[in-house]
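*Asks:* This is input_7.txt, which holds compact mmCIF, C-alpha atoms and all ligand atoms:
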# COMPACT_ATOMS: atom_id res chain seq x y z
CA MET A 1 -46.44 0.43 43.86
CA GLU A 2 -43.72 -2.12 43.21
CA PHE A 3 -44.48 -1.91 39.49
CA VAL A 4 -43.95 1.84 39.57
CA LEU A 5 -40.61 1.40 41.34
CA ILE A 6 -39.48 -1.22 38.79
CA ALA A 7 -40.59 1.02 35.90
CA ILE A 8 -38.59 3.94 37.34
CA ALA A 9 -35.53 1.73 37.79
CA ILE A 10 -35.74 0.58 34.15
CA LEU A 11 -36.08 4.18 32.99
CA VAL A 12 -33.00 5.27 34.95
CA VAL A 13 -30.90 2.41 33.55
CA ALA A 14 -32.04 3.21 30.00
CA LEU A 15 -31.21 6.88 30.49
CA ILE A 16 -27.69 6.14 31.78
CA THR A 17 -27.02 3.74 28.89
CA GLY A 18 -28.22 6.35 26.41
CA ILE A 19 -26.03 9.10 27.85
CA SER A 20 -22.90 6.93 28.02
CA LEU A 21 -23.46 5.92 24.40
CA LEU A 22 -23.72 9.53 23.30
CA VAL A 23 -20.55 10.47 25.20
CA GLY A 24 -18.75 7.45 23.70
CA ARG A 25 -19.64 8.56 20.19
CA GLY A 26 -17.95 11.88 20.73
CA ARG A 27 -14.68 10.31 21.78
CA ARG A 28 -11.82 10.11 19.33
CA THR A 29 -10.03 7.21 20.90
CA MET A 30 -11.56 4.25 22.61
CA ARG A 31 -9.67 1.87 24.82
CA LEU A 32 -11.07 -1.61 24.56
CA GLU A 33 -11.75 -2.84 28.11
CA ASP A 34 -10.93 -6.46 27.43
CA ASP A 35 -7.63 -5.61 25.89
CA ASP A 36 -6.13 -3.33 28.49
CA ALA A 37 -3.24 -5.68 28.99
CA ALA A 38 -2.09 -5.26 25.41
CA GLY A 39 -2.85 -1.54 25.60
CA THR A 40 -4.61 -1.63 22.27
CA THR A 41 -6.62 1.41 21.36
CA LEU A 42 -8.97 2.20 18.55
CA THR A 43 -8.74 5.56 16.93
CA ARG A 44 -11.70 7.16 15.31
CA PRO A 45 -11.06 9.61 12.51
CA ARG A 46 -10.62 13.14 13.83
CA PRO A 47 -12.40 15.95 12.06
CA VAL A 48 -10.13 17.54 9.51
CA PRO A 49 -10.59 21.32 9.27
CA PRO A 50 -13.04 21.74 6.43
CA THR A 51 -11.51 23.15 3.27
CA SER A 52 -14.92 23.70 1.73
CA PRO A 53 -18.24 24.55 3.39
CA ALA A 54 -19.34 21.72 5.68
CA PRO A 55 -21.83 19.40 3.98
CA ALA A 56 -25.46 19.59 5.09
CA PRO A 57 -26.35 17.14 7.86
CA PRO A 58 -27.76 13.83 6.63
CA THR A 59 -31.49 14.07 6.11
CA ASP A 60 -32.42 10.64 7.47
CA GLN A 61 -32.49 10.28 11.25
CA PRO A 62 -28.96 9.89 12.60
CA ASP A 63 -30.45 9.24 16.05
CA ALA A 64 -31.78 5.90 14.90
CA VAL A 65 -28.23 4.56 15.16
CA VAL A 66 -28.00 5.53 18.83
CA ALA A 67 -31.25 3.77 19.65
CA ASP A 68 -29.86 0.47 18.32
CA ALA A 69 -27.88 -1.97 20.46
CA PRO A 70 -24.44 -0.46 21.17
CA PRO A 71 -22.00 -1.46 18.45
CA ALA A 72 -18.95 -3.29 19.76
CA VAL A 73 -16.78 -1.27 17.41
CA GLU A 74 -17.25 2.28 16.36
CA LEU A 75 -16.94 2.76 12.67
CA PRO A 76 -16.43 6.06 10.95
CA PRO A 77 -19.71 7.42 9.66
CA ALA A 78 -20.62 6.28 6.17
CA ARG A 79 -21.14 9.89 5.29
CA PRO A 80 -19.18 12.78 6.80
CA GLU A 81 -20.80 14.32 9.85
CA PRO A 82 -20.91 18.13 9.78
CA GLY A 83 -17.35 19.39 10.27
CA LEU A 84 -15.91 15.98 9.41
CA VAL A 85 -14.59 16.24 5.89
CA PHE A 86 -12.71 13.31 4.44
CA ASP A 87 -10.51 13.26 1.38
CA THR A 88 -12.05 11.43 -1.56
CA PRO A 89 -9.13 9.81 -3.37
CA LEU A 90 -9.45 8.86 -7.00
CA PRO A 91 -9.93 5.18 -7.86
CA SER A 92 -6.87 3.08 -8.74
CA ALA A 93 -7.71 2.63 -12.42
CA GLY A 94 -5.52 4.72 -14.68
CA ARG A 95 -3.27 5.96 -11.86
CA LEU A 96 -0.06 4.72 -13.46
CA VAL A 97 -0.88 6.37 -16.75
CA ARG A 98 -1.34 9.64 -14.85
CA LEU A 99 1.86 9.19 -12.86
CA ARG A 100 4.18 7.78 -15.51
CA SER A 101 5.93 11.10 -16.15
CA ARG A 102 7.35 10.63 -12.62
CA LEU A 103 9.72 8.14 -14.17
CA ALA A 104 11.53 11.12 -15.70
CA ARG A 105 14.94 10.11 -14.34
CA SER A 106 14.73 6.62 -15.78
CA GLN A 107 13.27 8.11 -18.92
CA SER A 108 16.20 10.39 -19.59
CA SER A 109 18.88 7.83 -18.90
CA LEU A 110 17.21 4.65 -20.15
CA GLY A 111 14.54 5.65 -22.66
CA ARG A 112 16.30 8.57 -24.33
CA GLY A 113 19.64 6.77 -24.15
CA LEU A 114 18.31 3.76 -26.02
CA LEU A 115 16.31 5.74 -28.55
CA THR A 116 19.33 7.88 -29.41
CA VAL A 117 21.48 4.85 -30.16
CA LEU A 118 18.77 2.93 -32.01
CA ALA A 119 18.08 5.93 -34.25
CA ARG A 120 21.60 5.81 -35.69
CA GLU A 121 21.68 4.94 -39.34
CA LYS A 122 23.77 1.83 -39.19
CA LEU A 123 24.28 0.11 -35.86
CA THR A 124 27.83 -1.08 -35.20
CA GLU A 125 29.05 -3.53 -32.54
CA ASP A 126 29.96 -0.55 -30.39
CA ASP A 127 26.42 0.74 -30.67
CA TRP A 128 24.99 -2.59 -29.52
CA GLU A 129 27.40 -2.58 -26.62
CA GLU A 130 26.10 0.86 -25.71
CA VAL A 131 22.53 -0.45 -25.77
CA GLU A 132 23.58 -3.25 -23.45
CA GLU A 133 25.39 -0.93 -21.06
CA THR A 134 22.43 1.44 -20.92
CA LEU A 135 20.09 -1.40 -19.98
CA LEU A 136 22.49 -2.76 -17.34
CA ALA A 137 23.02 0.71 -15.88
CA ALA A 138 19.24 1.01 -15.44
CA ASP A 139 19.32 -2.20 -13.35
CA VAL A 140 17.40 -4.29 -15.89
CA GLY A 141 19.64 -7.28 -15.06
CA ILE A 142 21.71 -9.52 -17.31
CA ALA A 143 19.07 -12.03 -18.39
CA ALA A 144 16.53 -9.42 -19.50
CA THR A 145 19.23 -7.26 -21.09
CA THR A 146 20.41 -10.20 -23.19
CA GLN A 147 16.85 -10.94 -24.26
CA ILE A 148 16.14 -7.34 -25.25
CA VAL A 149 19.39 -6.91 -27.19
CA GLU A 150 18.94 -10.21 -29.04
CA ARG A 151 15.40 -9.38 -30.05
CA LEU A 152 16.33 -5.88 -31.14
CA ARG A 153 19.25 -7.21 -33.20
CA THR A 154 16.99 -9.59 -35.12
CA GLN A 155 14.90 -6.57 -35.97
CA SER A 156 17.82 -4.39 -37.02
CA MET A 157 16.68 -4.37 -40.66
CA VAL A 158 13.40 -2.91 -39.45
CA LEU A 159 15.25 -0.52 -37.15
CA ALA A 160 17.25 0.92 -40.05
CA THR A 161 14.16 2.38 -41.66
CA ALA A 162 11.97 2.94 -38.62
CA SER A 163 10.59 6.37 -37.77
CA GLY A 164 10.99 7.84 -34.29
CA ALA A 165 7.48 6.75 -33.33
CA ASP A 166 8.05 3.22 -34.67
CA LEU A 167 11.29 2.91 -32.72
CA ARG A 168 9.54 3.99 -29.58
CA GLU A 169 6.79 1.43 -30.15
CA LEU A 170 9.34 -1.30 -30.70
CA LEU A 171 11.22 -0.45 -27.54
CA VAL A 172 8.03 -0.23 -25.47
CA ASN A 173 7.08 -3.71 -26.74
CA GLU A 174 10.44 -5.22 -25.81
CA LEU A 175 10.47 -3.62 -22.36
CA THR A 176 6.88 -4.74 -21.72
CA ALA A 177 7.86 -8.29 -22.64
CA VAL A 178 10.52 -8.47 -19.89
CA LEU A 179 8.20 -6.88 -17.31
CA GLY A 180 6.10 -10.05 -17.16
CA PRO A 181 2.90 -8.82 -18.81
CA ASP A 182 1.07 -12.06 -17.97
CA LEU A 183 1.82 -12.21 -14.24
CA ASP A 184 -1.17 -12.11 -11.92
CA ARG A 185 -0.92 -8.81 -10.04
CA THR A 186 -4.26 -8.89 -8.31
CA LEU A 187 -3.91 -7.64 -4.73
CA GLY A 188 -5.54 -9.99 -2.24
CA THR A 189 -7.75 -7.36 -0.63
CA ASP A 190 -11.22 -8.81 -1.14
CA ARG A 191 -13.37 -10.46 1.48
CA HIS A 192 -12.99 -14.20 1.47
CA GLU A 193 -15.48 -16.73 2.87
CA GLY A 194 -17.29 -14.11 4.91
CA ARG A 195 -14.09 -12.59 6.32
CA PRO A 196 -12.09 -9.49 5.43
CA GLY A 197 -9.09 -9.65 3.15
CA VAL A 198 -5.96 -9.23 5.29
CA VAL A 199 -2.87 -7.51 3.90
CA LEU A 200 0.35 -7.87 5.90
CA VAL A 201 2.92 -5.25 4.93
CA VAL A 202 6.59 -6.14 5.58
CA GLY A 203 10.01 -4.71 4.73
CA VAL A 204 13.10 -3.02 6.20
CA ASN A 205 12.91 0.29 8.05
CA GLY A 206 12.71 3.28 5.78
CA ALA A 207 11.56 1.29 2.75
CA GLY A 208 8.24 3.09 2.83
CA LYS A 209 5.97 0.58 4.59
CA THR A 210 3.88 2.97 6.66
CA THR A 211 3.57 5.41 3.79
CA THR A 212 2.53 2.58 1.49
CA VAL A 213 -0.08 1.32 3.98
CA GLY A 214 -1.49 4.84 4.16
CA LYS A 215 -1.52 5.26 0.40
CA LEU A 216 -3.01 1.80 -0.05
CA ALA A 217 -5.83 2.71 2.32
CA ARG A 218 -6.55 5.65 0.01
CA VAL A 219 -6.44 3.43 -3.09
CA LEU A 220 -8.91 1.04 -1.46
CA VAL A 221 -11.21 3.82 -0.25
CA GLY A 222 -11.02 5.33 -3.76
CA ASP A 223 -12.16 1.97 -5.10
CA GLY A 224 -15.13 2.01 -2.74
CA LYS A 225 -13.87 -0.45 -0.12
CA SER A 226 -14.16 -0.29 3.65
CA VAL A 227 -10.81 -0.54 5.42
CA ILE A 228 -9.28 -0.87 8.89
CA LEU A 229 -5.59 -0.24 9.60
CA GLY A 230 -3.45 -2.05 12.15
CA ALA A 231 -0.37 -0.23 13.48
CA ALA A 232 1.68 -3.30 14.40
CA ASP A 233 4.96 -1.39 14.32
CA THR A 234 4.93 -0.83 18.05
CA PHE A 235 8.62 0.01 18.31
CA ARG A 236 8.13 3.65 17.52
CA ALA A 237 5.05 5.56 18.64
CA ALA A 238 5.66 7.87 15.68
CA ALA A 239 4.87 5.02 13.29
CA ALA A 240 1.40 4.57 14.78
CA ASP A 241 0.81 8.34 14.78
CA GLN A 242 1.88 8.48 11.15
CA LEU A 243 -0.54 5.70 10.21
CA GLU A 244 -3.37 7.20 12.22
CA THR A 245 -2.97 10.48 10.34
CA TRP A 246 -3.22 8.67 7.00
CA GLY A 247 -6.35 6.86 8.20
CA GLU A 248 -8.01 9.98 9.56
CA ARG A 249 -7.76 11.78 6.26
CA VAL A 250 -9.89 9.19 4.51
CA GLY A 251 -12.14 8.24 7.41
CA VAL A 252 -10.45 4.92 8.11
CA LEU A 253 -10.15 3.47 11.59
CA THR A 254 -6.68 2.67 13.01
CA VAL A 255 -6.09 0.08 15.71
CA ARG A 256 -2.91 0.83 17.61
CA GLY A 257 -1.04 -0.45 20.61
CA ARG A 258 1.11 0.88 23.39
CA GLU A 259 4.69 1.73 22.41
CA GLY A 260 6.80 -1.38 22.91
CA GLY A 261 3.69 -3.56 23.08
CA ASP A 262 3.23 -6.89 21.35
CA PRO A 263 2.89 -6.37 17.57
CA ALA A 264 0.98 -9.63 17.20
CA ALA A 265 -1.61 -8.44 19.74
CA VAL A 266 -2.23 -5.27 17.74
CA ALA A 267 -2.46 -7.20 14.48
CA PHE A 268 -4.88 -9.64 16.11
CA GLU A 269 -7.03 -6.83 17.46
CA ALA A 270 -7.09 -5.03 14.11
CA VAL A 271 -8.26 -8.14 12.30
CA ARG A 272 -10.75 -9.00 15.05
CA THR A 273 -12.20 -5.51 14.70
CA GLY A 274 -12.31 -5.93 10.94
CA VAL A 275 -14.13 -9.26 11.21
CA GLU A 276 -16.65 -7.81 13.64
CA ALA A 277 -17.24 -4.67 11.59
CA GLU A 278 -17.41 -6.74 8.38
CA VAL A 279 -15.01 -4.49 6.48
CA ASP A 280 -13.55 -5.46 3.13
CA THR A 281 -9.88 -5.18 4.03
CA VAL A 282 -7.59 -4.97 7.05
CA VAL A 283 -4.10 -3.63 6.27
CA VAL A 284 -1.44 -4.32 8.90
CA ASP A 285 1.79 -2.30 9.08
CA THR A 286 4.74 -4.08 10.72
CA ALA A 287 8.16 -3.19 12.10
CA GLY A 288 11.19 -3.79 9.93
CA ARG A 289 14.15 -4.08 12.24
CA LEU A 290 16.77 -6.38 10.86
CA HIS A 291 18.83 -6.69 14.05
CA THR A 292 18.74 -10.44 13.89
CA LYS A 293 17.31 -12.56 11.16
CA SER A 294 15.83 -15.09 13.54
CA GLY A 295 14.18 -12.35 15.62
CA LEU A 296 12.52 -10.98 12.53
CA MET A 297 11.39 -14.38 11.37
CA ASP A 298 9.95 -15.22 14.78
CA GLU A 299 8.09 -11.94 14.97
CA LEU A 300 6.62 -11.97 11.46
CA GLY A 301 5.74 -15.64 11.78
CA LYS A 302 3.96 -14.95 15.05
CA VAL A 303 2.05 -11.96 13.66
CA LYS A 304 0.83 -14.07 10.75
CA ARG A 305 -0.10 -17.06 12.91
CA VAL A 306 -1.98 -14.94 15.41
CA VAL A 307 -3.83 -13.01 12.68
CA GLU A 308 -4.88 -16.25 11.04
CA LYS A 309 -6.77 -17.29 14.16
CA GLN A 310 -9.24 -14.65 12.97
CA SER A 311 -8.97 -14.57 9.22
CA PRO A 312 -6.49 -15.88 6.61
CA VAL A 313 -3.83 -13.46 5.40
CA THR A 314 -4.73 -12.87 1.75
CA GLU A 315 -1.69 -10.82 0.75
CA VAL A 316 1.83 -10.45 2.13
CA LEU A 317 3.20 -7.31 0.56
CA LEU A 318 6.95 -6.75 0.66
CA VAL A 319 7.87 -3.08 0.44
CA LEU A 320 11.18 -2.43 -1.33
CA ASP A 321 12.98 0.86 -1.86
CA ALA A 322 13.88 1.06 -5.56
CA THR A 323 16.86 3.30 -4.84
CA THR A 324 18.66 0.59 -2.83
CA GLY A 325 19.40 -1.61 -5.86
CA GLN A 326 21.09 -4.97 -5.26
CA ASN A 327 21.24 -4.34 -1.52
CA GLY A 328 17.48 -4.11 -1.41
CA VAL A 329 17.09 -7.37 -3.27
CA VAL A 330 19.43 -9.13 -0.81
CA GLN A 331 17.45 -7.75 2.16
CA ALA A 332 14.23 -8.80 0.48
CA ARG A 333 15.39 -12.42 0.54
CA VAL A 334 15.43 -12.39 4.34
CA PHE A 335 11.74 -11.52 4.32
CA THR A 336 10.84 -14.10 1.72
CA GLU A 337 12.44 -16.69 4.00
CA ALA A 338 10.45 -15.48 7.00
CA VAL A 339 7.00 -15.34 5.37
CA THR A 340 5.52 -16.32 2.03
CA VAL A 341 5.56 -13.01 0.17
CA THR A 342 2.85 -12.75 -2.46
CA GLY A 343 3.54 -9.31 -3.91
CA VAL A 344 6.09 -6.51 -4.00
CA ALA A 345 5.43 -2.80 -3.59
CA LEU A 346 8.39 -0.97 -5.11
CA THR A 347 8.68 2.54 -3.70
CA LYS A 348 10.63 5.68 -4.64
CA LEU A 349 10.74 4.91 -8.36
CA ASP A 350 10.43 8.66 -8.81
CA GLY A 351 13.83 9.11 -7.20
CA THR A 352 15.95 6.78 -9.31
CA ALA A 353 17.24 6.43 -12.84
CA LYS A 354 17.20 2.67 -12.33
CA GLY A 355 13.60 1.94 -13.24
CA GLY A 356 14.74 -1.39 -14.66
CA ILE A 357 14.90 -2.67 -11.07
CA VAL A 358 11.29 -3.83 -11.50
CA VAL A 359 12.53 -6.47 -13.94
CA ARG A 360 15.35 -7.57 -11.64
CA VAL A 361 13.21 -7.77 -8.53
CA GLN A 362 10.64 -9.93 -10.28
CA GLN A 363 13.19 -12.23 -11.87
CA GLU A 364 15.41 -12.61 -8.81
CA LEU A 365 12.65 -12.98 -6.23
CA GLY A 366 10.11 -14.65 -8.48
CA ILE A 367 7.37 -12.42 -7.04
CA PRO A 368 5.26 -9.99 -9.07
CA VAL A 369 5.54 -6.25 -8.46
CA LYS A 370 1.95 -5.27 -7.69
CA LEU A 371 2.24 -1.65 -6.60
CA ILE A 372 4.69 1.13 -7.28
CA GLY A 373 5.38 4.31 -5.37
CA LEU A 374 6.07 7.34 -7.52
CA GLY A 375 6.31 10.17 -5.03
CA GLU A 376 5.63 11.43 -1.54
CA GLY A 377 2.15 12.74 -2.32
CA PRO A 378 -0.83 10.90 -0.80
CA ASP A 379 -2.01 9.54 -4.14
CA ASP A 380 1.39 8.70 -5.61
CA LEU A 381 0.86 4.95 -5.40
CA ALA A 382 -0.34 3.00 -8.43
CA PRO A 383 -1.15 -0.57 -9.35
CA PHE A 384 1.69 -1.78 -11.55
CA GLU A 385 0.84 -2.12 -15.24
CA PRO A 386 3.72 -3.38 -17.45
CA ARG A 387 2.80 -1.50 -20.61
CA ALA A 388 2.08 1.85 -19.00
CA PHE A 389 5.34 1.46 -17.06
CA ALA A 390 7.35 0.66 -20.20
CA GLU A 391 5.82 3.72 -21.84
CA GLY A 392 6.89 5.78 -18.85
CA LEU A 393 10.45 4.46 -19.10
CA VAL A 394 10.72 5.33 -22.78
CA GLY A 395 8.90 8.65 -22.57
CA GLU A 396 7.22 10.58 -25.35
CA VAL A 397 9.01 11.06 -28.65
N1 LIG A 401 10.03 9.98 -3.18
C1 LIG A 401 9.35 9.01 -2.59
N2 LIG A 401 9.43 8.87 -1.25
C2 LIG A 401 8.75 7.87 -0.65
C3 LIG A 401 7.95 6.97 -1.40
N3 LIG A 401 7.42 6.07 -0.52
C4 LIG A 401 7.86 6.43 0.70
N4 LIG A 401 8.66 7.50 0.64
C5 LIG A 401 9.35 8.19 1.75
O1 LIG A 401 10.21 7.28 2.42
C6 LIG A 401 10.35 7.66 3.79
C7 LIG A 401 10.19 6.45 4.69
O2 LIG A 401 8.86 6.01 4.63
P1 LIG A 401 8.13 5.17 5.80
O3 LIG A 401 6.79 4.82 5.27
O4 LIG A 401 8.19 5.86 7.10
O5 LIG A 401 9.06 3.86 5.86
P2 LIG A 401 8.94 2.60 6.84
O6 LIG A 401 10.02 2.77 7.87
O7 LIG A 401 9.22 1.41 5.98
O8 LIG A 401 7.58 2.58 7.43
C8 LIG A 401 9.32 8.76 4.03
O9 LIG A 401 9.98 9.98 4.03
C9 LIG A 401 8.40 8.65 2.82
O10 LIG A 401 7.81 9.89 2.48
C10 LIG A 401 7.90 7.13 -2.84
O11 LIG A 401 7.26 6.37 -3.57
N5 LIG A 401 8.60 8.17 -3.37
MG MG A 402 6.98 2.56 9.39
Show me the file's structure as structure tokens.
Ligand SMILES: Nc1nc2c(ncn2[C@@H]2O[C@H](COP(=O)(O)OP(=O)(O)O)[C@@H](O)[C@H]2O)c(=O)[nH]1
Ligand SMILES: [Mg+2]

*Replies:*
Amino acid sequence: MEFVLIAIAILVVALITGISLLVGRGRRTMRLEDDDAAGTTLTRPRPVPPTSPAPAPPTDQPDAVVADAPPAVELPPARPEPGLVFDTPLPSAGRLVRLRSRLARSQSSLGRGLLTVLAREKLTEDDWEEVEETLLAADVGIAATTQIVERLRTQSMVLATASGADLRELLVNELTAVLGPDLDRTLGTDRHEGRPGVVLVVGVNGAGKTTTVGKLARVLVGDGKSVILGAADTFRAAAADQLETWGERVGVLTVRGREGGDPAAVAFEAVRTGVEAEVDTVVVDTAGRLHTKSGLMDELGKVKRVVEKQSPVTEVLLVLDATTGQNGVVQARVFTEAVTVTGVALTKLDGTAKGGIVVRVQQELGIPVKLIGLGEGPDDLAPFEPRAFAEGLVGEV
């Protein structure tokens, strides 16, 4: 009799566990019990209204997952559930070549400007001065401008007889040379010693951090990686919402905190979740208030320290708005003093005629530009490639 009672009790417990698991799976947001104090929540991707007919349900048994021990973290399904249609972004390779026409503004003032002068039959001192001014106006910086002009002058005999296509080639070569073609621009996004790659994204407000984190998630998903996002800009709830929306579109989980909560706690939780779920990369968005330099330093330093209790930060990406020119470079210095920046993402290059800023940023900060933003569209972020970029600046003949 006692055995029967025990068997019934076990059955009831199993049933309750099963039901609660099923209910949990349907939820879009899960509050982690042990982190109530920090108010950190995990957001599962929400179904996006299908644009095409919903895919057929997976043929293997989806129920098998439920029968397993409850996962500590809910990951988006590897394959869209019915009604859950994710975007499938293109891989990163070749993106810049596709997007280089977005440099149209730089193209018309820098590329065309230079080609017009260089095509003149005999180049006078005034012409060379014009070349110099054109390069400086495009924010190429004095050192690189001097190098380009000197090298072009030594080739002036060649220039005199060069065809339009040859001139273009020559100019592309010289621009590529000052863009640092040999710099290592590999983004530290890969797993390292059994832990996820961790990308910390920093920069002033409005530079394009959150947008870049969202676009980067798409680049990574396009390249076949698993990703988790951390919304550590807790100063504005809108920032977390914005990030969540980016994540949802590509089936990527976002860890977010309560508005005004501790950014380091959210970053910690995001990385902890990433370690547990064994994802490839965790990308953490941060706040960019510059009210006091020491406040910023303390905060970024703390975020990094706390994250590194879980997994080393493999990339600190500084987001810079290309349209801010010298001002942007000065602001960037504050960040490089606060954390060791390993790469720059230069945004809004589609909105400026000063494409040469890439050269200046690299030379003045001594940090390679690794990503560039070329528009507000979800896939308008590309890995930086010096030659393709130089070709974009010069344009087609
Ligand atoms: N045209 C253009 N706009 C961009 C680009 N990157 C970001 N933005 C815009 O810049 C604005 C600020 O971006 P946001 O990511 O919120 O900046 P944050 O404050 O640094 O997080 C938004 O309107 C973005 O759409 C880009 O590459 N090109
Ligand atoms: Mg933001």

*Asks:* Report as a tab-separated table the residues of range 144-220 of chain A within 12 Å of range 384-388 of chain A, each with its shortest atom pair and distance in Å (one decimal), using all atoms listed in the file, ordered by chain and increasing residue number.

*Replies:*
residue	atom	partner	partner_atom	distance
A:Glu169	CA	A:Arg387	CA	10.7
A:Leu171	CA	A:Arg387	CA	11.0
A:Val172	CA	A:Arg387	CA	7.3
A:Asn173	CA	A:Arg387	CA	7.8
A:Glu174	CA	A:Arg387	CA	10.0
A:Leu175	CA	A:Arg387	CA	8.1
A:Thr176	CA	A:Arg387	CA	5.3
A:Ala177	CA	A:Pro386	CA	8.3
A:Val178	CA	A:Pro386	CA	8.8
A:Leu179	CA	A:Pro386	CA	5.7
A:Gly180	CA	A:Pro386	CA	7.1
A:Pro181	CA	A:Pro386	CA	5.7
A:Asp182	CA	A:Pro386	CA	9.1
A:Leu183	CA	A:Pro386	CA	9.6
A:Asp184	CA	A:Glu385	CA	10.7
A:Arg185	CA	A:Phe384	CA	7.6
A:Thr186	CA	A:Phe384	CA	9.8
A:Leu187	CA	A:Phe384	CA	10.6

*Asks:* Can you write out the residues you just picked, keeping C-alpha atoms, as a short mmCIF file (atom, residue, chain, number, x, y, z; two decimals), keeping the file's coordinate frame?

*Replies:*
data_model
loop_
_atom_site.label_atom_id
_atom_site.label_comp_id
_atom_site.auth_asym_id
_atom_site.auth_seq_id
_atom_site.Cartn_x
_atom_site.Cartn_y
_atom_site.Cartn_z
CA GLU A 169 6.79 1.43 -30.15
CA LEU A 171 11.22 -0.45 -27.54
CA VAL A 172 8.03 -0.23 -25.47
CA ASN A 173 7.08 -3.71 -26.74
CA GLU A 174 10.44 -5.22 -25.81
CA LEU A 175 10.47 -3.62 -22.36
CA THR A 176 6.88 -4.74 -21.72
CA ALA A 177 7.86 -8.29 -22.64
CA VAL A 178 10.52 -8.47 -19.89
CA LEU A 179 8.20 -6.88 -17.31
CA GLY A 180 6.10 -10.05 -17.16
CA PRO A 181 2.90 -8.82 -18.81
CA ASP A 182 1.07 -12.06 -17.97
CA LEU A 183 1.82 -12.21 -14.24
CA ASP A 184 -1.17 -12.11 -11.92
CA ARG A 185 -0.92 -8.81 -10.04
CA THR A 186 -4.26 -8.89 -8.31
CA LEU A 187 -3.91 -7.64 -4.73
#

*Asks:* Report as a PDB file with C-alpha atoms, keeping the file's coordinate frame which protein, DNA and RNA residues come within 10 Å of ligand MG 402 (chain A), using all atoms listed in the file.

*Replies:*
ATOM      1  CA  VAL A 201       2.920  -5.250   4.930  1.00  0.00           C
ATOM      2  CA  VAL A 202       6.590  -6.140   5.580  1.00  0.00           C
ATOM      3  CA  GLY A 203      10.010  -4.710   4.730  1.00  0.00           C
ATOM      4  CA  VAL A 204      13.100  -3.020   6.200  1.00  0.00           C
ATOM      5  CA  ASN A 205      12.910   0.290   8.050  1.00  0.00           C
ATOM      6  CA  GLY A 206      12.710   3.280   5.780  1.00  0.00           C
ATOM      7  CA  ALA A 207      11.560   1.290   2.750  1.00  0.00           C
ATOM      8  CA  GLY A 208       8.240   3.090   2.830  1.00  0.00           C
ATOM      9  CA  LYS A 209       5.970   0.580   4.590  1.00  0.00           C
ATOM     10  CA  THR A 210       3.880   2.970   6.660  1.00  0.00           C
ATOM     11  CA  THR A 211       3.570   5.410   3.790  1.00  0.00           C
ATOM     12  CA  THR A 212       2.530   2.580   1.490  1.00  0.00           C
ATOM     13  CA  VAL A 213      -0.080   1.320   3.980  1.00  0.00           C
ATOM     14  CA  ALA A 231      -0.370  -0.230  13.480  1.00  0.00           C
ATOM     15  CA  ALA A 232       1.680  -3.300  14.400  1.00  0.00           C
ATOM     16  CA  ASP A 233       4.960  -1.390  14.320  1.00  0.00           C
ATOM     17  CA  THR A 234       4.930  -0.830  18.050  1.00  0.00           C
ATOM     18  CA  PHE A 235       8.620   0.010  18.310  1.00  0.00           C
ATOM     19  CA  ARG A 236       8.130   3.650  17.520  1.00  0.00           C
ATOM     20  CA  ALA A 237       5.050   5.560  18.640  1.00  0.00           C
ATOM     21  CA  ALA A 238       5.660   7.870  15.680  1.00  0.00           C
ATOM     22  CA  ALA A 239       4.870   5.020  13.290  1.00  0.00           C
ATOM     23  CA  ALA A 240       1.400   4.570  14.780  1.00  0.00           C
ATOM     24  CA  GLN A 242       1.880   8.480  11.150  1.00  0.00           C
ATOM     25  CA  LEU A 243      -0.540   5.700  10.210  1.00  0.00           C
ATOM     26  CA  ASP A 285       1.790  -2.300   9.080  1.00  0.00           C
ATOM     27  CA  THR A 286       4.740  -4.080  10.720  1.00  0.00           C
ATOM     28  CA  ALA A 287       8.160  -3.190  12.100  1.00  0.00           C
ATOM     29  CA  GLY A 288      11.190  -3.790   9.930  1.00  0.00           C
TER      30      GLY A 288
END

*Asks:* Out of A:Asp166, A:Asp127, A:Asp241, A:Glu276, which residue has the shortest atom-to-atom distance to Gly194 in chain A when counting all atoms listed in the file?

*Replies:*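 Once distances to Gly194 in chain A are computed over all atoms listed in the file, the minimum belongs to A:Glu276.
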
*Asks:* Counting all atoms listed in the file, which of A:Gly351, A:Gly164, A:Gly392, A:Gly274 gets nearest to Leu374 in chain A?

*Replies:*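 The shortest atom-to-atom distance to Leu374 in chain A comes from A:Gly351.
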
*Asks:* Using all atoms listed in the file, can you list as a list in words the residues within 9 Å of (16.8, 7.2, -17.4)?

*Replies:*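 The distance filter leaves exactly Leu103, Ala104, Arg105, Ser106, Gln107, Ser108, Ser109, Leu110, Gly111, Arg112, Gly113, Thr134, Ala138, Thr352, Ala353, Lys354, Gly355, Leu393 and Val394 of chain A.
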